[in-house]
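Engineer: mmCIF, C-alpha atoms, saved as final37.cif, coming up:
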```
data_query
#
loop_
_atom_site.label_atom_id
_atom_site.label_comp_id
_atom_site.auth_asym_id
_atom_site.auth_seq_id
_atom_site.Cartn_x
_atom_site.Cartn_y
_atom_site.Cartn_z
CA MET A 11 -23.85 20.48 27.89
CA SER A 12 -26.93 18.62 26.82
CA SER A 13 -29.33 18.28 29.66
CA THR A 14 -30.55 14.96 28.38
CA PHE A 15 -27.14 13.28 28.55
CA SER A 16 -27.32 10.71 31.30
CA GLY A 17 -24.73 8.27 32.45
CA ASP A 18 -21.06 8.26 33.31
CA GLU A 19 -18.68 10.40 31.36
CA THR A 20 -15.96 7.86 30.72
CA ALA A 21 -18.26 4.96 29.95
CA PRO A 22 -18.26 5.53 26.17
CA PHE A 23 -14.48 5.11 26.17
CA PHE A 24 -14.85 1.47 27.14
CA GLY A 25 -17.85 0.94 24.92
CA PHE A 26 -16.09 2.16 21.82
CA LEU A 27 -12.96 0.23 22.71
CA GLY A 28 -15.12 -2.87 22.95
CA ALA A 29 -16.39 -2.32 19.43
CA ALA A 30 -12.83 -1.74 18.27
CA ALA A 31 -11.62 -4.91 19.94
CA ALA A 32 -14.41 -6.93 18.36
CA LEU A 33 -13.51 -5.90 14.86
CA VAL A 34 -9.74 -5.68 15.09
CA PHE A 35 -9.14 -9.03 16.71
CA SER A 36 -11.65 -10.80 14.46
CA CYS A 37 -9.93 -9.30 11.44
CA MET A 38 -6.59 -10.49 12.76
CA GLY A 39 -7.98 -14.00 12.97
CA ALA A 40 -9.55 -13.77 9.57
CA ALA A 41 -6.33 -12.46 8.04
CA TYR A 42 -4.25 -15.21 9.59
CA GLY A 43 -6.68 -17.88 8.42
CA THR A 44 -6.90 -16.49 4.92
CA ALA A 45 -3.15 -16.04 4.50
CA LYS A 46 -2.08 -19.35 5.96
CA SER A 47 -4.57 -21.48 4.06
CA GLY A 48 -4.07 -19.37 0.93
CA VAL A 49 -0.38 -20.19 0.90
CA GLY A 50 -1.25 -23.87 1.25
CA VAL A 51 -3.69 -23.69 -1.64
CA ALA A 52 -1.17 -21.94 -3.88
CA SER A 53 1.54 -24.46 -3.06
CA MET A 54 -0.59 -27.49 -3.73
CA GLY A 55 -2.20 -25.91 -6.77
CA VAL A 56 1.07 -26.17 -8.63
CA MET A 57 0.78 -29.95 -8.58
CA ARG A 58 -3.01 -30.30 -8.71
CA PRO A 59 -4.62 -27.23 -10.28
CA GLU A 60 -8.01 -28.88 -10.53
CA LEU A 61 -8.33 -29.04 -6.74
CA VAL A 62 -7.81 -25.32 -6.12
CA MET A 63 -11.42 -24.20 -6.28
CA LYS A 64 -12.48 -26.96 -3.89
CA SER A 65 -9.74 -25.97 -1.49
CA ILE A 66 -10.95 -22.41 -1.11
CA VAL A 67 -13.31 -23.57 1.67
CA PRO A 68 -10.91 -22.70 4.54
CA VAL A 69 -10.46 -19.23 3.07
CA VAL A 70 -14.20 -18.61 3.00
CA MET A 71 -14.57 -19.85 6.57
CA ALA A 72 -11.85 -17.49 7.70
CA GLY A 73 -13.51 -14.59 5.92
CA VAL A 74 -16.72 -15.21 7.84
CA LEU A 75 -14.89 -14.43 11.07
CA GLY A 76 -14.41 -10.87 9.91
CA ILE A 77 -18.14 -10.61 9.38
CA TYR A 78 -18.82 -11.80 12.94
CA GLY A 79 -16.60 -9.02 14.24
CA LEU A 80 -18.29 -6.50 11.97
CA ILE A 81 -21.73 -7.44 13.30
CA ILE A 82 -20.76 -7.13 16.94
CA ALA A 83 -18.84 -3.90 16.38
CA VAL A 84 -21.79 -2.26 14.65
CA ILE A 85 -24.25 -3.46 17.31
CA ILE A 86 -22.04 -2.12 20.07
CA SER A 87 -21.24 1.22 18.51
CA THR A 88 -24.85 2.01 17.64
CA GLY A 89 -25.83 1.08 21.18
CA ILE A 90 -23.72 3.82 22.74
CA ASN A 91 -26.16 6.68 22.82
CA PRO A 92 -26.26 8.39 26.21
CA LYS A 93 -28.87 10.85 25.02
CA ALA A 94 -31.41 8.20 24.11
CA LYS A 95 -30.65 5.68 26.83
CA SER A 96 -28.58 6.16 29.94
CA TYR A 97 -25.10 4.77 29.56
CA TYR A 98 -23.34 4.00 32.81
CA LEU A 99 -19.93 2.50 33.42
CA PHE A 100 -21.71 -0.82 33.75
CA ASP A 101 -22.85 -0.62 30.15
CA GLY A 102 -19.41 0.46 29.05
CA TYR A 103 -17.77 -2.51 30.71
CA ALA A 104 -20.44 -4.83 29.34
CA HIS A 105 -19.73 -3.64 25.83
CA LEU A 106 -16.00 -3.93 26.38
CA SER A 107 -16.36 -7.48 27.55
CA SER A 108 -18.67 -8.40 24.68
CA GLY A 109 -16.26 -6.95 22.17
CA LEU A 110 -13.21 -8.60 23.67
CA ALA A 111 -14.97 -11.94 23.94
CA CYS A 112 -16.07 -11.90 20.32
CA GLY A 113 -12.78 -10.52 19.04
CA LEU A 114 -10.44 -12.84 20.87
CA ALA A 115 -12.62 -15.84 20.05
CA GLY A 116 -12.47 -14.83 16.40
CA LEU A 117 -8.69 -14.47 16.61
CA SER A 118 -8.28 -17.96 18.01
CA ALA A 119 -10.71 -19.47 15.55
CA GLY A 120 -8.87 -17.80 12.70
CA MET A 121 -5.55 -19.21 13.81
CA ALA A 122 -7.04 -22.67 14.06
CA ILE A 123 -8.70 -22.41 10.65
CA GLY A 124 -5.49 -21.20 9.08
CA ILE A 125 -3.29 -23.96 10.36
CA VAL A 126 -5.84 -26.71 9.76
CA GLY A 127 -6.67 -25.35 6.33
CA ASP A 128 -3.04 -25.22 5.30
CA ALA A 129 -2.34 -28.78 6.39
CA GLY A 130 -5.69 -29.97 5.11
CA VAL A 131 -5.46 -28.72 1.55
CA ARG A 132 -1.94 -30.04 1.17
CA ALA A 133 -2.99 -33.44 2.46
CA ASN A 134 -6.14 -33.42 0.34
CA ALA A 135 -4.02 -33.02 -2.76
CA GLN A 136 -2.27 -36.26 -1.98
CA GLN A 137 -5.22 -38.21 -0.58
CA PRO A 138 -8.66 -37.12 -1.82
CA LYS A 139 -10.49 -39.06 0.89
CA LEU A 140 -9.31 -36.53 3.44
CA PHE A 141 -11.55 -33.73 2.18
CA VAL A 142 -14.49 -34.56 4.43
CA GLY A 143 -12.23 -34.89 7.44
CA MET A 144 -10.68 -31.50 6.78
CA ILE A 145 -14.13 -29.90 6.54
CA LEU A 146 -15.19 -31.48 9.84
CA ILE A 147 -12.17 -30.11 11.65
CA LEU A 148 -12.71 -26.68 10.11
CA ILE A 149 -16.30 -26.68 11.32
CA PHE A 150 -15.16 -27.34 14.87
CA ALA A 151 -12.73 -24.46 14.58
CA GLU A 152 -15.44 -22.15 13.26
CA ALA A 153 -17.66 -23.11 16.19
CA LEU A 154 -15.12 -21.46 18.48
CA ALA A 155 -15.87 -18.16 16.86
CA LEU A 156 -19.58 -18.76 17.22
CA LEU A 157 -19.07 -19.26 20.94
CA GLY A 158 -17.69 -15.75 21.07
CA LEU A 159 -20.47 -14.32 18.97
CA ASP A 160 -23.15 -15.35 21.41
CA GLN A 161 -21.93 -15.12 24.96
CA TRP A 162 -23.84 -15.63 28.13
CA VAL A 163 -22.42 -14.15 31.27
CA SER A 164 -24.49 -14.39 34.37
CA LEU A 165 -23.69 -12.68 37.62
CA PRO A 166 -25.90 -14.01 40.35
CA VAL A 167 -26.64 -11.22 42.76
CA GLN A 168 -27.14 -11.49 46.48
CA TYR A 169 -30.57 -9.95 46.02
CA GLY A 170 -31.98 -13.07 44.45
CA LEU A 171 -31.98 -14.97 41.24
CA MET A 172 -31.86 -11.97 38.97
CA GLN A 173 -29.22 -12.37 36.31
CA VAL A 174 -27.30 -10.01 34.11
CA ARG A 175 -27.20 -11.15 30.53
CA ILE A 176 -24.66 -10.03 27.98
CA SER A 177 -25.25 -11.57 24.60
CA VAL A 178 -25.75 -10.76 20.98
CA GLY A 179 -29.37 -9.86 21.30
CA THR A 180 -29.13 -7.89 24.49
CA LEU A 181 -25.77 -6.16 24.41
CA GLY A 182 -25.57 -3.92 27.40
CA ARG A 183 -29.20 -4.30 28.31
CA ARG A 184 -29.64 -5.18 31.93
CA VAL A 185 -32.11 -7.43 33.63
CA GLY A 186 -31.41 -6.91 37.28
CA PRO A 187 -30.70 -4.41 39.96
CA ARG A 188 -29.57 -0.96 38.96
CA PRO A 189 -25.84 -0.44 38.66
CA GLU A 190 -25.56 1.74 41.76
CA PHE A 191 -25.97 -1.42 43.77
CA PHE A 192 -22.64 -2.48 42.33
CA GLY A 193 -21.09 0.81 43.31
CA LEU A 194 -20.68 1.69 39.67
CA GLY A 195 -22.38 5.02 39.64
CA GLY A 196 -25.86 6.00 38.64
CA GLN A 197 -28.41 8.19 40.23
CA ALA A 198 -28.61 8.11 44.00
CA MET B 17 -25.31 17.27 34.96
CA SER B 18 -28.10 14.76 35.09
CA GLY B 19 -25.88 11.66 35.34
CA ALA B 20 -23.74 11.13 38.38
CA THR B 21 -20.12 10.16 37.95
CA VAL B 22 -18.12 7.62 39.84
CA VAL B 23 -16.28 9.18 42.80
CA GLY B 24 -14.22 11.53 40.70
CA ASP B 25 -10.58 11.94 41.63
CA THR B 26 -9.77 8.75 43.43
CA THR B 27 -10.41 6.45 40.50
CA TRP B 28 -8.50 6.42 37.26
CA SER B 29 -11.58 7.62 35.46
CA GLY B 30 -10.67 10.92 37.08
CA ALA B 31 -7.56 10.86 34.93
CA LEU B 32 -9.46 9.88 31.80
CA VAL B 33 -11.90 12.78 32.02
CA ARG B 34 -9.02 15.23 32.25
CA ILE B 35 -7.56 14.22 28.88
CA SER B 36 -8.91 16.50 26.21
CA PRO B 37 -11.13 14.82 23.62
CA TYR B 38 -9.03 16.52 20.99
CA THR B 39 -6.04 14.50 22.16
CA PHE B 40 -7.94 11.29 21.62
CA SER B 41 -9.24 12.49 18.25
CA ALA B 42 -5.80 13.47 17.03
CA ILE B 43 -4.31 10.15 18.04
CA GLY B 44 -7.18 8.31 16.37
CA ILE B 45 -6.73 10.16 13.10
CA ALA B 46 -2.99 9.60 13.15
CA VAL B 47 -3.34 5.90 13.87
CA SER B 48 -5.91 5.46 11.13
CA ILE B 49 -3.59 6.68 8.43
CA GLY B 50 -0.26 5.68 9.92
CA VAL B 51 -1.00 2.09 10.73
CA SER B 52 -2.93 1.56 7.47
CA VAL B 53 0.06 2.72 5.49
CA LEU B 54 2.25 0.43 7.56
CA GLY B 55 0.04 -2.50 6.60
CA ALA B 56 0.11 -1.53 2.95
CA ALA B 57 3.88 -1.18 2.94
CA TRP B 58 4.37 -4.50 4.66
CA GLY B 59 2.14 -6.21 2.10
CA ILE B 60 3.83 -4.53 -0.81
CA TYR B 61 7.30 -5.59 0.19
CA ILE B 62 6.21 -9.17 0.82
CA THR B 63 4.52 -9.38 -2.57
CA GLY B 64 7.08 -7.37 -4.44
CA SER B 65 10.10 -9.34 -3.38
CA SER B 66 8.46 -12.66 -4.27
CA LEU B 67 7.21 -11.29 -7.56
CA ILE B 68 10.62 -10.07 -8.62
CA GLY B 69 12.28 -13.30 -7.62
CA ALA B 70 9.75 -15.47 -9.40
CA ALA B 71 9.94 -13.34 -12.53
CA ILE B 72 13.60 -14.21 -13.09
CA LYS B 73 12.64 -17.46 -14.73
CA ALA B 74 9.15 -16.41 -15.83
CA PRO B 75 9.18 -12.75 -16.86
CA ARG B 76 5.66 -13.04 -18.26
CA ILE B 77 4.12 -12.84 -14.78
CA THR B 78 5.31 -9.34 -13.99
CA SER B 79 2.53 -7.17 -15.36
CA LYS B 80 -0.32 -9.46 -14.34
CA ASN B 81 0.84 -9.81 -10.76
CA LEU B 82 1.15 -6.09 -10.21
CA ILE B 83 -2.51 -6.32 -9.30
CA SER B 84 -1.51 -7.84 -5.97
CA VAL B 85 0.59 -4.76 -5.30
CA ILE B 86 -2.38 -2.59 -6.17
CA PHE B 87 -4.60 -4.49 -3.73
CA CYS B 88 -2.11 -3.67 -0.98
CA GLU B 89 -1.99 -0.04 -2.02
CA ALA B 90 -5.77 0.16 -1.78
CA VAL B 91 -5.44 -0.57 1.92
CA ALA B 92 -3.41 2.60 2.38
CA ILE B 93 -5.99 4.56 0.45
CA TYR B 94 -8.74 3.29 2.77
CA GLY B 95 -6.75 4.68 5.68
CA VAL B 96 -6.37 8.06 3.99
CA ILE B 97 -10.06 8.27 3.18
CA VAL B 98 -11.13 7.51 6.72
CA ALA B 99 -8.56 9.92 8.15
CA ILE B 100 -10.02 12.67 6.01
CA ILE B 101 -13.55 11.77 7.06
CA LEU B 102 -12.57 11.76 10.74
CA GLN B 103 -10.89 15.09 10.30
CA THR B 104 -14.11 16.62 9.04
CA LYS B 105 -15.84 15.34 12.17
CA LEU B 106 -13.74 17.62 14.35
CA GLU B 107 -15.53 20.72 15.51
CA SER B 108 -14.43 23.44 17.84
CA VAL B 109 -16.44 23.86 21.00
CA PRO B 110 -16.27 26.72 23.50
CA SER B 111 -13.74 26.09 26.26
CA SER B 112 -16.45 25.61 28.84
CA GLN B 113 -17.68 22.62 26.85
CA ILE B 114 -14.43 20.83 26.14
CA TYR B 115 -14.82 18.40 29.02
CA ALA B 116 -18.56 18.07 28.73
CA PRO B 117 -19.72 14.45 28.54
CA GLU B 118 -20.85 14.84 24.96
CA SER B 119 -17.49 16.16 23.84
CA LEU B 120 -15.69 13.38 25.66
CA ARG B 121 -17.86 10.83 23.89
CA ALA B 122 -17.12 12.39 20.52
CA GLY B 123 -13.40 12.24 21.23
CA TYR B 124 -13.59 8.59 22.24
CA ALA B 125 -15.61 7.76 19.12
CA ILE B 126 -13.03 9.28 16.78
CA PHE B 127 -10.22 7.55 18.68
CA ALA B 128 -11.83 4.13 18.48
CA SER B 129 -12.77 4.66 14.85
CA GLY B 130 -9.18 5.46 13.97
CA LEU B 131 -7.92 2.43 15.86
CA ILE B 132 -10.35 0.17 14.09
CA VAL B 133 -9.46 1.35 10.62
CA GLY B 134 -5.74 1.40 11.27
CA PHE B 135 -5.38 -2.07 12.67
CA ALA B 136 -7.91 -3.72 10.38
CA ASN B 137 -5.99 -2.34 7.42
CA LEU B 138 -2.71 -3.45 8.96
CA VAL B 139 -3.77 -7.09 9.07
CA CYS B 140 -5.50 -6.83 5.72
CA GLY B 141 -2.35 -5.51 4.08
CA LEU B 142 -0.31 -8.32 5.59
CA CYS B 143 -2.80 -10.94 4.46
CA VAL B 144 -3.02 -9.64 0.91
CA GLY B 145 0.75 -9.38 0.74
CA ILE B 146 1.31 -12.97 1.78
CA ILE B 147 -1.27 -14.29 -0.63
CA GLY B 148 0.02 -12.06 -3.40
CA SER B 149 3.46 -13.53 -2.97
CA SER B 150 2.04 -17.07 -3.21
CA CYS B 151 0.06 -15.99 -6.23
CA ALA B 152 3.18 -14.81 -8.03
CA LEU B 153 5.12 -17.94 -7.18
CA SER B 154 2.39 -20.32 -8.32
CA ASP B 155 1.64 -18.26 -11.43
CA ALA B 156 5.27 -18.62 -12.43
CA GLN B 157 4.85 -22.39 -12.40
CA ASN B 158 1.37 -22.67 -13.91
CA SER B 159 -0.40 -19.70 -15.39
CA SER B 160 -3.89 -21.14 -14.92
CA LEU B 161 -3.48 -20.66 -11.19
CA PHE B 162 -3.34 -16.87 -11.30
CA VAL B 163 -7.07 -16.22 -11.36
CA LYS B 164 -7.82 -18.89 -8.77
CA ILE B 165 -5.39 -17.53 -6.22
CA LEU B 166 -6.64 -14.03 -6.99
CA VAL B 167 -10.05 -15.11 -5.64
CA ILE B 168 -8.38 -15.81 -2.30
CA GLU B 169 -6.75 -12.41 -2.41
CA ILE B 170 -10.11 -10.76 -2.87
CA PHE B 171 -11.38 -12.47 0.28
CA GLY B 172 -8.40 -11.04 2.06
CA SER B 173 -8.94 -7.50 0.88
CA ALA B 174 -12.51 -7.55 2.18
CA LEU B 175 -11.09 -7.29 5.70
CA GLY B 176 -9.90 -3.76 5.11
CA LEU B 177 -13.35 -2.86 3.87
CA PHE B 178 -14.91 -4.20 7.08
CA GLY B 179 -12.68 -1.85 9.03
CA VAL B 180 -13.65 1.11 6.89
CA ILE B 181 -17.36 0.35 7.24
CA VAL B 182 -17.25 0.09 11.02
CA GLY B 183 -14.99 3.13 11.27
CA ILE B 184 -17.40 5.26 9.30
CA ILE B 185 -20.44 4.00 11.22
CA MET B 186 -18.69 4.77 14.48
CA SER B 187 -17.60 8.22 13.35
CA ALA B 188 -21.28 9.12 12.99
CA GLN B 189 -21.38 8.97 16.79
CA ALA B 190 -18.90 11.83 17.04
CA THR B 191 -21.37 14.63 17.72
CA TRP B 192 -20.03 17.61 19.62
CA PRO B 193 -22.18 19.86 21.81
CA ALA B 194 -23.73 22.74 19.98
CA ASN B 195 -21.74 25.93 19.89
CA ALA B 196 -24.49 28.03 21.36
CA ALA B 197 -23.76 28.40 25.09
#
```
As structure tokens, please, write out the structure in this file.

Structural biologist:
Amino acid sequence: MSSTFSGDETAPFFGFLGAAAALVFSCMGAAYGTAKSGVGVASMGVMRPELVMKSIVPVVMAGVLGIYGLIIAVIISTGINPKAKSYYLFDGYAHLSSGLACGLAGLSAGMAIGIVGDAGVRANAQQPKLFVGMILILIFAEALALLGLDQWVSLPVQYGLMQVRISVGTLGRRVGPRPEFFGLGGQA
Amino acid sequence: MSGATVVGDTTWSGALVRISPYTFSAIGIAVSIGVSVLGAAWGIYITGSSLIGAAIKAPRITSKNLISVIFCEAVAIYGVIVAIILQTKLESVPSSQIYAPESLRAGYAIFASGLIVGFANLVCGLCVGIIGSSCALSDAQNSSLFVKILVIEIFGSALGLFGVIVGIIMSAQATWPANAA
């Protein structure tokens, strides 16, 4: 056993599952968005082929959700290194929550983009003035995924105003009391 | 061990540390190939049935639209590739080291990697299949639409690639303790 391994043994399980959740759920959202709006584009393209290239916007926006999940999954999985930096259960849970937050937000955003994109491109074929409106609604739906990409969770502690921050830039990094105060293990 | 563990047997983490990392690794490898192939098959039957139906009145679309079927097949191949890569990450460690923290981490890494690749390819296969079926149906009506809808299909197939990328990055974390001990 490496003598430099510090942290809890099962913590990487949750960390890696967090990375998995981030990517898998975001890809589910991206797939739903792409497929649903793609079907709409194909259906309306039969009547108005010249509008097809313009109507690929919802598909591109759905594809971006997969990239959000990819970013978070890579950040999380490269951050799980108990030899270089101690990795307690606290960090594992933080990564799990980051991954789930990003992934499930991406899933919901993808579903919204898909349904709005499908309805939007079909309506746009009949009424060209609706294009801007469709784009506005899609942007609101994409913002949901951005909320998941950058999360801020603060746990005020009875020891003062120190906060624990879990966000894109500081995944797993703690600003606050050591995890043994939470009863989550660590050195005595 | 330099890191303390949570009170061992009374929490469920006591159960987790008793599962061999090789169990997790094996399940991860199986999921990576099994669920990817499931996604590919699902996509192929969605595309294939639409393609055959649309080709009744427009037989010219058959050979061009086989590319949608090939996109779905590629998803299965991604799963096979990653399963082979994960398999090469397995190393044997002496029995005293099987439940060492480093081995456990390696097992979890392979498990999560397999899950990622499997399920990302599952949804990618579904997505490509649905779009491929729309592509065939619209191509049958207007052949200028084929290339345009193919662009959407390419966006869809990128999702499987995301899964493969993250799976391979994560599998680099699967380092087992050295055999010398």

Engineer: I'd like the interatomic distance between atom CA of Leu80 of chain A and atom CA of Leu154 of chain A, to a tenth of an Å.

Structural biologist: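 Straight-line distance from atom CA of Leu80 of chain A to atom CA of Leu154 of chain A works out to 16.6 Å.
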
Engineer: I need the contact residues of chain B against chain A, so if you could list those with any atom within 8 Å, counting all atoms listed in the file, and return them as an MDAnalysis selection string, that would help.

Structural biologist: chainID B and resid 17:22 29 32:33 113 116:118 120:121 124:125 128:129 131:132 135:136 139:140 142:144 146:147 150:151 154 157:158 160:161 164:165 168 171:172 175 178:179 182 185:186 189 193

Engineer: Taking the file as shown, find all residues satisfying the PyMOL selection byres ((chain B and resi 95) around 9) and write them as a count of residues only.

Structural biologist: 22

Engineer: Counting only C-alpha atoms, figure out which residue out of B:Trp192, B:Phe162, B:Tyr61, B:Trp28 gets nearest to Ile126 of chain B.

Structural biologist: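 Closest to Ile126 of chain B, using only C-alpha atoms: B:Trp192.
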
Engineer: If you count only C-alpha atoms, which residues fall within 9 Å of Leu157 of chain A, apart from same-chain ones fewer than 3 positions away, as a list in words?

Structural biologist: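 Listed by chain and then number, they are Ala111, Cys112, Ala115, Glu152, Ala153, Leu154, Asp160 and Gln161 of chain A.
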
Engineer: Report the distance between atom CA of Thr78 of chain B and atom CA of Gly148 of chain B in Å, rounded to one decimal place.

Structural biologist: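 We find that atom CA of Thr78 of chain B and atom CA of Gly148 of chain B lie 12.1 Å from each other.
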
Engineer: Atom CA of Lys105 of chain B to atom CA of Ala190 of chain B: how many Å, to one decimal?

Structural biologist: 6.7 Å
